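Trainee: For reference, this is target.cif, and it has mmCIF, C-alpha atoms (C1' of nucleotides).
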data_input
#
loop_
_atom_site.label_atom_id
_atom_site.label_comp_id
_atom_site.auth_asym_id
_atom_site.auth_seq_id
_atom_site.Cartn_x
_atom_site.Cartn_y
_atom_site.Cartn_z
CA MET A 1 109.28 96.47 -133.14
CA ALA A 2 108.41 96.94 -136.81
CA ALA A 3 111.91 98.07 -137.79
CA GLU A 4 113.35 95.15 -135.90
CA LEU A 5 111.18 92.73 -137.86
CA LYS A 6 112.18 94.29 -141.15
CA LYS A 7 115.78 93.34 -140.42
CA TYR A 8 114.75 89.72 -140.07
CA LYS A 9 112.68 89.82 -143.22
CA THR A 10 115.71 91.04 -145.11
CA LYS A 11 117.78 88.28 -143.59
CA LEU A 12 115.32 85.63 -144.69
CA ARG A 13 115.08 87.10 -148.18
CA ASP A 14 118.86 87.31 -148.49
CA HIS A 15 119.04 83.61 -147.83
CA GLY A 16 116.42 82.82 -150.43
CA LEU A 17 113.88 81.84 -147.80
CA LYS A 18 110.23 82.71 -147.84
CA ILE A 19 108.82 85.22 -145.40
CA THR A 20 105.93 83.28 -143.95
CA GLU A 21 103.51 84.32 -141.28
CA LYS A 22 104.57 81.46 -139.01
CA ARG A 23 108.24 82.28 -139.33
CA MET A 24 107.63 85.90 -138.48
CA THR A 25 105.41 84.96 -135.55
CA MET A 26 108.15 82.67 -134.28
CA ILE A 27 110.71 85.46 -134.51
CA GLU A 28 108.36 87.83 -132.70
CA LEU A 29 107.91 85.27 -129.95
CA PHE A 30 111.66 84.92 -129.51
CA LEU A 31 112.12 88.68 -129.51
CA LYS A 32 109.41 89.09 -126.90
CA GLU A 33 110.68 86.31 -124.62
CA ASP A 34 114.41 86.90 -125.08
CA ARG A 35 115.40 83.61 -123.42
CA TYR A 36 115.88 79.98 -124.30
CA LEU A 37 112.66 78.26 -125.38
CA SER A 38 112.14 74.61 -126.16
CA ALA A 39 110.28 73.40 -129.23
CA LYS A 40 107.44 72.46 -126.92
CA GLU A 41 107.20 75.96 -125.46
CA VAL A 42 107.17 77.41 -128.96
CA GLN A 43 104.43 74.96 -129.90
CA GLU A 44 102.36 75.89 -126.85
CA GLN A 45 102.64 79.61 -127.54
CA LEU A 46 101.98 79.40 -131.26
CA HIS A 47 99.20 76.89 -130.88
CA LYS A 48 97.05 79.74 -129.52
CA ILE A 49 97.36 81.54 -132.83
CA TYR A 50 97.72 78.57 -135.17
CA PRO A 51 95.85 75.64 -133.63
CA SER A 52 97.04 73.29 -136.32
CA LEU A 53 100.72 74.22 -136.38
CA SER A 54 102.71 71.04 -136.74
CA TYR A 55 105.89 70.07 -134.94
CA ASP A 56 107.54 69.49 -138.27
CA THR A 57 107.06 73.15 -139.10
CA ILE A 58 108.38 74.23 -135.73
CA TYR A 59 111.50 72.12 -135.82
CA ARG A 60 112.24 72.89 -139.45
CA ASN A 61 111.93 76.60 -138.82
CA LEU A 62 113.92 76.53 -135.61
CA TYR A 63 116.83 74.95 -137.44
CA THR A 64 116.36 77.14 -140.50
CA LEU A 65 116.50 80.23 -138.31
CA LYS A 66 119.51 78.84 -136.56
CA GLU A 67 121.29 78.28 -139.88
CA ILE A 68 120.89 81.92 -140.82
CA GLU A 69 121.93 82.95 -137.31
CA VAL A 70 118.64 84.46 -136.27
CA LEU A 71 118.55 81.96 -133.41
CA GLU A 72 121.20 80.20 -131.38
CA ASN A 73 120.67 76.90 -129.65
CA THR A 74 121.89 74.69 -126.86
CA ASN A 75 121.06 71.25 -125.63
CA PHE A 76 119.76 71.40 -122.08
CA GLU A 77 118.98 68.13 -120.32
CA GLY A 78 118.29 66.27 -123.52
CA GLU A 79 116.12 69.00 -124.97
CA MET A 80 117.23 71.50 -127.58
CA GLN A 81 116.57 75.09 -126.56
CA PHE A 82 116.62 78.14 -128.79
CA LYS A 83 116.94 81.86 -128.21
CA ILE A 84 117.19 84.94 -130.34
CA SER A 85 120.78 85.55 -131.35
CA CYS A 86 121.75 88.60 -129.40
CA SER A 87 124.74 90.14 -131.09
CA ASP A 88 127.34 89.72 -133.73
CA HIS A 89 130.42 89.26 -131.63
CA HIS A 90 131.53 86.01 -130.09
CA HIS A 91 130.11 85.40 -126.63
CA HIS A 92 128.72 82.80 -124.28
CA HIS A 93 125.89 82.70 -121.78
CA PHE A 94 125.20 82.46 -118.14
CA ILE A 95 121.88 80.67 -117.61
CA CYS A 96 119.90 80.92 -114.39
CA GLU A 97 118.80 77.46 -113.38
CA GLU A 98 115.86 78.86 -111.49
CA CYS A 99 114.18 81.30 -113.87
CA GLY A 100 115.96 80.61 -117.15
CA ASP A 101 117.17 84.17 -117.52
CA THR A 102 120.40 84.50 -119.47
CA LYS A 103 123.29 86.93 -119.37
CA VAL A 104 125.99 87.44 -121.93
CA ILE A 105 129.52 86.51 -120.93
CA HIS A 106 132.22 88.23 -122.91
CA TYR A 107 135.38 86.56 -121.73
CA CYS A 108 136.32 83.54 -123.80
CA PRO A 109 139.71 81.86 -123.42
CA VAL A 110 139.72 79.96 -126.70
CA GLU A 111 143.22 81.22 -127.54
CA THR A 112 144.50 80.00 -124.19
CA TRP A 113 143.05 76.59 -124.88
CA GLN A 114 144.58 76.55 -128.34
CA SER A 115 147.99 77.36 -126.92
CA GLU A 116 147.61 74.66 -124.29
CA LEU A 117 147.00 72.12 -127.04
CA GLN A 118 149.33 73.25 -129.78
CA ASP A 119 149.10 70.10 -131.89
CA VAL A 120 145.33 70.09 -132.34
CA GLU A 121 143.15 72.39 -134.41
CA ILE A 122 140.25 73.83 -132.47
CA THR A 123 137.30 74.38 -134.77
CA ASN A 124 134.56 75.13 -132.29
CA HIS A 125 133.66 75.03 -128.65
CA LYS A 126 130.74 75.02 -126.27
CA VAL A 127 130.68 77.02 -123.07
CA GLU A 128 127.73 77.30 -120.75
CA ILE A 129 127.68 78.67 -117.25
CA TYR A 130 124.87 77.79 -114.88
CA GLY A 131 123.84 79.15 -111.55
CA LEU A 132 121.50 81.55 -109.83
CA CYS A 133 120.90 85.08 -111.02
CA ALA A 134 120.81 88.02 -108.62
CA ALA A 135 117.03 87.88 -108.35
CA CYS A 136 116.82 84.15 -107.67
CA LYS A 137 119.72 83.97 -105.28
CA MET B 1 144.33 45.56 -114.97
CA ALA B 2 143.43 43.61 -111.85
CA ALA B 3 144.78 46.26 -109.48
CA GLU B 4 142.92 48.91 -111.43
CA LEU B 5 139.67 47.02 -111.05
CA LYS B 6 140.20 46.59 -107.34
CA LYS B 7 140.20 50.37 -106.99
CA TYR B 8 136.76 50.51 -108.59
CA LYS B 9 135.46 47.69 -106.43
CA THR B 10 136.52 49.63 -103.37
CA LYS B 11 134.83 52.72 -104.70
CA LEU B 12 131.57 50.89 -105.26
CA ARG B 13 131.74 49.27 -101.82
CA ASP B 14 132.51 52.61 -100.17
CA HIS B 15 129.32 54.01 -101.64
CA GLY B 16 127.28 51.07 -100.39
CA LEU B 17 126.77 49.73 -103.91
CA LYS B 18 126.93 46.11 -104.91
CA ILE B 19 129.79 44.79 -106.96
CA THR B 20 127.94 43.08 -109.75
CA GLU B 21 129.37 41.28 -112.76
CA LYS B 22 127.67 43.69 -115.16
CA ARG B 23 128.97 46.77 -113.40
CA MET B 24 132.50 45.43 -113.44
CA THR B 25 132.21 44.46 -117.10
CA MET B 26 130.99 47.96 -117.88
CA ILE B 27 133.92 49.51 -116.06
CA GLU B 28 136.32 47.18 -117.92
CA LEU B 29 134.78 48.26 -121.21
CA PHE B 30 135.24 51.94 -120.39
CA LEU B 31 138.82 51.33 -119.27
CA LYS B 32 139.60 49.45 -122.44
CA GLU B 33 138.01 52.02 -124.77
CA ASP B 34 139.05 55.17 -122.90
CA ARG B 35 136.74 57.43 -124.89
CA TYR B 36 133.13 58.62 -124.89
CA LEU B 37 130.63 55.81 -125.47
CA SER B 38 126.88 56.10 -125.89
CA ALA B 39 124.42 53.86 -124.07
CA LYS B 40 123.82 52.13 -127.37
CA GLU B 41 127.51 51.35 -127.87
CA VAL B 42 127.68 49.98 -124.35
CA GLN B 43 124.63 47.85 -125.07
CA GLU B 44 126.14 46.53 -128.30
CA GLN B 45 129.41 45.58 -126.64
CA LEU B 46 127.87 44.01 -123.56
CA HIS B 47 125.19 42.22 -125.53
CA LYS B 48 127.91 39.85 -126.76
CA ILE B 49 128.53 38.72 -123.20
CA TYR B 50 125.06 39.23 -121.72
CA PRO B 51 122.52 38.72 -124.50
CA SER B 52 119.66 39.73 -122.25
CA LEU B 53 121.15 42.85 -120.66
CA SER B 54 118.40 45.42 -120.42
CA TYR B 55 118.65 49.11 -121.18
CA ASP B 56 117.30 49.82 -117.75
CA THR B 57 120.40 48.21 -116.28
CA ILE B 58 122.70 50.08 -118.62
CA TYR B 59 121.24 53.51 -118.01
CA ARG B 60 120.91 52.99 -114.30
CA ASN B 61 124.50 51.87 -114.02
CA LEU B 62 125.82 54.61 -116.26
CA TYR B 63 124.26 57.22 -114.01
CA THR B 64 125.21 55.34 -110.86
CA LEU B 65 128.82 55.22 -111.98
CA LYS B 66 128.62 58.87 -112.87
CA GLU B 67 127.32 59.72 -109.41
CA ILE B 68 130.32 58.11 -107.76
CA GLU B 69 132.62 59.77 -110.29
CA VAL B 70 133.79 56.61 -112.01
CA LEU B 71 132.40 58.00 -115.24
CA GLU B 72 131.87 61.48 -116.61
CA ASN B 73 129.30 62.37 -119.22
CA THR B 74 128.40 64.88 -121.88
CA ASN B 75 125.51 65.39 -124.21
CA PHE B 76 126.64 65.16 -127.81
CA GLU B 77 124.09 65.73 -130.54
CA GLY B 78 121.15 64.74 -128.42
CA GLU B 79 122.79 61.60 -127.09
CA MET B 80 124.40 61.23 -123.69
CA GLN B 81 127.96 59.95 -123.89
CA PHE B 82 130.06 58.54 -121.06
CA LYS B 83 133.76 58.01 -120.51
CA ILE B 84 135.95 56.80 -117.69
CA SER B 85 136.75 59.68 -115.37
CA CYS B 86 140.40 60.38 -115.92
CA SER B 87 141.62 62.27 -112.89
CA ASP B 88 140.58 63.87 -109.67
CA HIS B 89 141.21 67.50 -110.43
CA HIS B 90 138.86 69.79 -112.30
CA HIS B 91 139.37 69.73 -116.04
CA HIS B 92 137.64 69.82 -119.40
CA HIS B 93 138.09 68.00 -122.70
CA PHE B 94 139.11 68.54 -126.21
CA ILE B 95 137.20 66.10 -128.43
CA CYS B 96 138.35 65.21 -131.93
CA GLU B 97 135.38 65.42 -134.26
CA GLU B 98 136.97 62.92 -136.60
CA CYS B 99 138.09 60.03 -134.40
CA GLY B 100 136.47 60.84 -131.06
CA ASP B 101 139.79 60.92 -129.25
CA THR B 102 139.83 63.20 -126.22
CA LYS B 103 142.51 65.24 -124.51
CA VAL B 104 142.41 66.85 -121.11
CA ILE B 105 142.40 70.62 -120.94
CA HIS B 106 143.59 72.05 -117.68
CA TYR B 107 142.90 75.74 -118.03
CA CYS B 108 139.48 76.76 -116.78
CA PRO B 109 138.52 80.41 -116.36
CA VAL B 110 135.57 79.91 -114.05
CA GLU B 111 136.89 82.54 -111.62
CA THR B 112 137.18 85.05 -114.43
CA TRP B 113 133.59 84.39 -115.41
CA GLN B 114 132.50 84.75 -111.80
CA SER B 115 134.24 88.11 -111.55
CA GLU B 116 132.70 89.24 -114.83
CA LEU B 117 129.24 88.51 -113.41
CA GLN B 118 129.59 89.54 -109.80
CA ASP B 119 125.89 89.53 -108.99
CA VAL B 120 125.18 85.95 -109.97
CA GLU B 121 126.22 82.74 -108.28
CA ILE B 122 127.87 80.27 -110.63
CA THR B 123 127.12 76.74 -109.52
CA ASN B 124 128.37 74.76 -112.46
CA HIS B 125 129.53 75.03 -116.02
CA LYS B 126 130.04 73.06 -119.20
CA VAL B 127 133.05 73.47 -121.44
CA GLU B 128 133.79 71.39 -124.48
CA ILE B 129 136.30 72.05 -127.18
CA TYR B 130 135.96 70.42 -130.57
CA GLY B 131 138.31 70.14 -133.48
CA LEU B 132 140.85 67.88 -135.15
CA CYS B 133 143.56 66.05 -133.29
CA ALA B 134 147.14 65.95 -134.56
CA ALA B 135 146.59 62.60 -136.27
CA CYS B 136 143.39 63.58 -138.05
CA LYS B 137 144.49 67.02 -139.10
"C1'" DT C 1 96.80 90.93 -161.49
"C1'" DT C 2 97.15 86.32 -162.60
"C1'" DA C 3 99.48 82.03 -163.50
"C1'" DT C 4 103.35 79.30 -162.40
"C1'" DT C 5 106.44 77.14 -159.53
"C1'" DA C 6 109.03 76.10 -155.72
"C1'" DT C 7 109.07 76.31 -150.94
"C1'" DA C 8 106.53 75.76 -146.61
"C1'" DA C 9 103.08 73.68 -143.74
"C1'" DA C 10 99.68 70.05 -142.22
"C1'" DG C 11 98.66 65.77 -140.30
"C1'" DG C 12 100.03 61.88 -138.61
"C1'" DA C 13 103.04 57.98 -138.33
"C1'" DA C 14 107.71 56.44 -137.30
"C1'" DT C 15 112.07 56.56 -134.90
"C1'" DC C 16 115.37 57.21 -131.38
"C1'" DA C 17 116.93 57.93 -126.70
"C1'" DT C 18 115.52 57.37 -122.27
"C1'" DT C 19 112.61 56.01 -118.32
"C1'" DA C 20 109.30 53.21 -115.75
"C1'" DC C 21 107.75 49.13 -113.47
"C1'" DG C 22 106.33 44.55 -111.74
"C1'" DA C 23 108.49 40.15 -111.42
"C1'" DT C 24 112.72 37.72 -110.65
"C1'" DT C 25 117.54 37.13 -109.51
"C1'" DT C 26 121.81 38.08 -107.11
"C1'" DG C 27 125.30 40.13 -103.80
"C1'" DT C 28 126.10 40.77 -99.08
"C1'" DA C 29 126.05 40.47 -94.18
"C1'" DA C 30 124.58 37.85 -90.38
"C1'" DT D 1 123.10 29.17 -95.65
"C1'" DT D 2 119.70 32.20 -95.21
"C1'" DA D 3 117.30 36.48 -95.52
"C1'" DC D 4 116.89 40.90 -97.31
"C1'" DA D 5 117.84 44.74 -99.94
"C1'" DA D 6 119.65 45.99 -104.17
"C1'" DA D 7 120.17 44.93 -108.98
"C1'" DT D 8 118.46 43.02 -113.21
"C1'" DC D 9 115.07 41.41 -116.69
"C1'" DG D 10 111.61 41.98 -120.00
"C1'" DT D 11 108.84 44.86 -121.82
"C1'" DA D 12 105.93 48.79 -122.12
"C1'" DA D 13 105.64 53.76 -121.95
"C1'" DT D 14 107.21 58.38 -122.71
"C1'" DG D 15 109.14 62.43 -124.76
"C1'" DA D 16 111.78 64.67 -128.24
"C1'" DT D 17 112.58 64.73 -132.89
"C1'" DT D 18 112.17 63.32 -137.77
"C1'" DC D 19 109.93 61.56 -141.93
"C1'" DC D 20 106.51 61.44 -145.54
"C1'" DT D 21 102.76 62.51 -148.52
"C1'" DT D 22 99.41 65.80 -149.59
"C1'" DT D 23 97.92 70.48 -149.58
"C1'" DA D 24 98.59 75.47 -149.12
"C1'" DT D 25 101.05 79.62 -149.76
"C1'" DA D 26 104.74 83.08 -151.00
"C1'" DA D 27 107.55 84.72 -154.66
"C1'" DT D 28 108.15 85.66 -159.42
"C1'" DA D 29 107.37 86.34 -164.18
"C1'" DA D 30 104.05 87.41 -167.80
#
The structure given in the file should be rewritten as structure tokens.

Mentor:
Amino acid sequence: MAAELKKYKTKLRDHGLKITEKRMTMIELFLKEDRYLSAKEVQEQLHKIYPSLSYDTIYRNLYTLKEIEVLENTNFEGEMQFKISCSDHHHHHFICEECGDTKVIHYCPVETWQSELQDVEITNHKVEIYGLCAACK
Amino acid sequence: MAAELKKYKTKLRDHGLKITEKRMTMIELFLKEDRYLSAKEVQEQLHKIYPSLSYDTIYRNLYTLKEIEVLENTNFEGEMQFKISCSDHHHHHFICEECGDTKVIHYCPVETWQSELQDVEITNHKVEIYGLCAACK
DNA sequence: TTATTATAAAGGAATCATTACGATTTGTAA
DNA sequence: TTACAAATCGTAATGATTCCTTTATAATAA
């Protein structure tokens, strides 16, 4: 995992951000879990290592890491969830409502939508697909 | 608008719900605005008529009306927004980020997604398309 | 390596959306 | 018109997120 972490360190440095222990621990957590985590889950996990970690730090870093595209986020039932950003190409996710496992979905019909609404300019979109994964079904 | 309202009264009655003044006023507001409104906006509008209207009533009715498909909702920037449900067939929305105007989008590739992920069972999905409408562009 | 400086984190209070709940009122059916 | 269940009120509680001031720490230059 060391090489993997190096990549993230470079990314932080390239954005003029400091490489702090808490940021790196957060990234490691997201790499290990590889699923959507809420701020609260992050707090619970990191509290074991840093008993005094504040929510301010968690939220600030979650959004900082999102800005530099280390994380991606989605609002699920009024709670913002974050996961490690999995690849560079455009994609969406299937999310298992039972276990929270996610799968990448490649097909995205944004061009079809744009051609259906010729007079508007689509700048972004949100697609999320929910259901039961093979294991939970 | 009277005939329009009658339709909603029937819908409420058919679901065994009471036709209350506040519910009807809420429906009228959504019909008049025809766009996504937050609970707070609903409160502000209805407060003029019912100075003591409680949030409990607003939220309960918003979700009640959603249950019987009078309203549809979406979470936008951590706040739940509601709009009058515009038709009976499955569709999604384009939402103008400038003026909040919405347009119906008919194309939905849920079958394509299901065939891309054959081993999972898709139970529901969320699609929202953002951008600038013709007027705001 | 040390000193400097700017960014990050701590600790805790504040805010915002949403929900909960006992007491009271209102719509509906008999 | 009455009785009862459903809806509303008034207000408190909750949960997620943000703000603020002080303190600590990482990066950088000497």

Trainee: Could you list, as a ChimeraX atom specification, every residue matched by the PyMOL selection byres ((chain D) within 12 of (chain B)) in this structure?

Mentor: /D:5-11,16-17

Trainee: The PyMOL selection byres ((chain A and resi 99) around 10) - which residues does that actually catch in the file I just gave you? List them as a count of residues only.

Mentor: 12

Trainee: For CA of Thr112 (chain B) and CA of Ile122 (chain A), determine how far apart the two atoms are, in Å to one decimal place.

Mentor: 21.5 Å

Trainee: Mind running chain C against chain A at 12 Å and telling me each contacting residue's nearest atom pair with the distance in Å (one decimal), counting all atoms listed in the file, chain and number ascending, as JSON lines?

Mentor:
{"residue": "C:DA6", "atom": "C1'", "partner": "A:Lys18", "partner_atom": "CA", "distance": 10.4}
{"residue": "C:DT7", "atom": "C1'", "partner": "A:Lys18", "partner_atom": "CA", "distance": 7.2}
{"residue": "C:DA8", "atom": "C1'", "partner": "A:Thr57", "partner_atom": "CA", "distance": 8.0}
{"residue": "C:DA9", "atom": "C1'", "partner": "A:Thr57", "partner_atom": "CA", "distance": 6.1}
{"residue": "C:DA10", "atom": "C1'", "partner": "A:Ser54", "partner_atom": "CA", "distance": 6.3}
{"residue": "C:DG11", "atom": "C1'", "partner": "A:Ser54", "partner_atom": "CA", "distance": 7.5}
{"residue": "C:DG12", "atom": "C1'", "partner": "A:Ser54", "partner_atom": "CA", "distance": 9.7}
{"residue": "C:DA17", "atom": "C1'", "partner": "A:Gly78", "partner_atom": "CA", "distance": 9.0}
{"residue": "C:DT18", "atom": "C1'", "partner": "A:Gly78", "partner_atom": "CA", "distance": 9.4}

Trainee: Those residues with C-alpha atoms (C1' of nucleotides), as a short mmCIF file (atom, residue, chain, number, x, y, z; two decimals), in the coordinates of the input please?

Mentor:
data_model
loop_
_atom_site.label_atom_id
_atom_site.label_comp_id
_atom_site.auth_asym_id
_atom_site.auth_seq_id
_atom_site.Cartn_x
_atom_site.Cartn_y
_atom_site.Cartn_z
"C1'" DA C 6 109.03 76.10 -155.72
"C1'" DT C 7 109.07 76.31 -150.94
"C1'" DA C 8 106.53 75.76 -146.61
"C1'" DA C 9 103.08 73.68 -143.74
"C1'" DA C 10 99.68 70.05 -142.22
"C1'" DG C 11 98.66 65.77 -140.30
"C1'" DG C 12 100.03 61.88 -138.61
"C1'" DA C 17 116.93 57.93 -126.70
"C1'" DT C 18 115.52 57.37 -122.27
#

Trainee: For a cutoff of 8 Å around the file-coordinate point (143.7, 71.5, -136.1), which residues qualify once you count all atoms listed in the file? I'd like the result as a PyMOL selection string.

Mentor: (chain A and resi 119-123) or (chain B and resi 131-134+137)

Trainee: Fewer than 5 positions away in the same chain doesn't count, so skip those; otherwise give me all residues within 9 Å of Ser85 (chain A), counting all atoms listed in the file, as a ChimeraX atom specification.

Mentor: /A:66,69-73

Trainee: Next, dump the selected residues to file, keeping only C-alpha atoms, as a compact mmCIF listing (two decimals), in the coordinates of the input.

Mentor:
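Saved the output as again.txt:
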# COMPACT_ATOMS: atom_id res chain seq x y z
CA LYS A 66 119.51 78.84 -136.56
CA GLU A 69 121.93 82.95 -137.31
CA VAL A 70 118.64 84.46 -136.27
CA LEU A 71 118.55 81.96 -133.41
CA GLU A 72 121.20 80.20 -131.38
CA ASN A 73 120.67 76.90 -129.65

Trainee: Give the answer as one residue: which of B:Tyr107, B:Phe82, B:Tyr59, B:Gln114 has the shortest atom-to-atom distance to DT19 (chain C), using all atoms listed in the file?

Mentor: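 Ranking B:Tyr107, B:Phe82, B:Tyr59, B:Gln114 by distance to DT19 (chain C), first place goes to B:Tyr59.
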
Trainee: Tell me, as a CSV table (one decimal) with C-alpha atoms (C1' of nucleotides), keeping the file's coordinate frame, which residues lie within 9 Å of DC19 (chain D), counting all atoms listed in the file; anything in the same chain fewer than 2 positions away does not count.

Mentor:
chain,number,residue,atom,x,y,z
C,13,DA,C1',103.0,58.0,-138.3
C,14,DA,C1',107.7,56.4,-137.3
C,15,DT,C1',112.1,56.6,-134.9

Trainee: One decimal, in Å: what's the spacing between CA of Glu33 (chain B) and CA of Leu46 (chain B)?

Mentor: 13.0 Å

Trainee: Please enumerate the residues selected by the PyMOL selection byres ((chain C and resi 1) around 12) when evaluated against the supplied file, formatted as a PyMOL selection string.

Mentor: (chain C and resi 2-3) or (chain D and resi 29-30)

Trainee: What does the structure give for the distance between CA of Lys48 (chain A) and CA of His15 (chain A), in Å to one decimal?

Mentor: 28.9 Å

Trainee: Residues at most 10 Å from Leu29 (chain B), counting only C-alpha atoms (C1' of nucleotides), excluding those fewer than 6 positions away in the same chain, as a list of chain:residue names?

Mentor: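 Near Leu29 (chain B), the qualifying residues are B:Arg23, B:Leu37, B:Val42, B:Gln45, B:Leu46, B:Lys83, B:Ile84.
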
Trainee: Choose the residue, out of A:Lys11, A:Asn75, A:His92, A:Glu111, that has the smallest atom-to-atom separation from chain B; count only C-alpha atoms.

Mentor: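 Checking each of A:Lys11, A:Asn75, A:His92, A:Glu111 against chain B, counting only C-alpha atoms, the winner is A:Asn75.
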
Trainee: Using all atoms listed in the file, which of A:Phe76, A:Cys86, A:Thr64, A:Glu4 sits nearest chain B?

Mentor: A:Phe76

Trainee: Would you mind telling me which residue in A:Ser87, A:Gln81, A:Thr25, A:Thr10 lies nearest to chain B when using only C-alpha atoms?

Mentor: A:Gln81

Trainee: Check the smallest atom-to-atom distance from each of A:Ile68, A:Ile105, A:Met24, A:Ile49 to chain B using all atoms listed in the file, then report the winner.

Mentor: A:Ile105
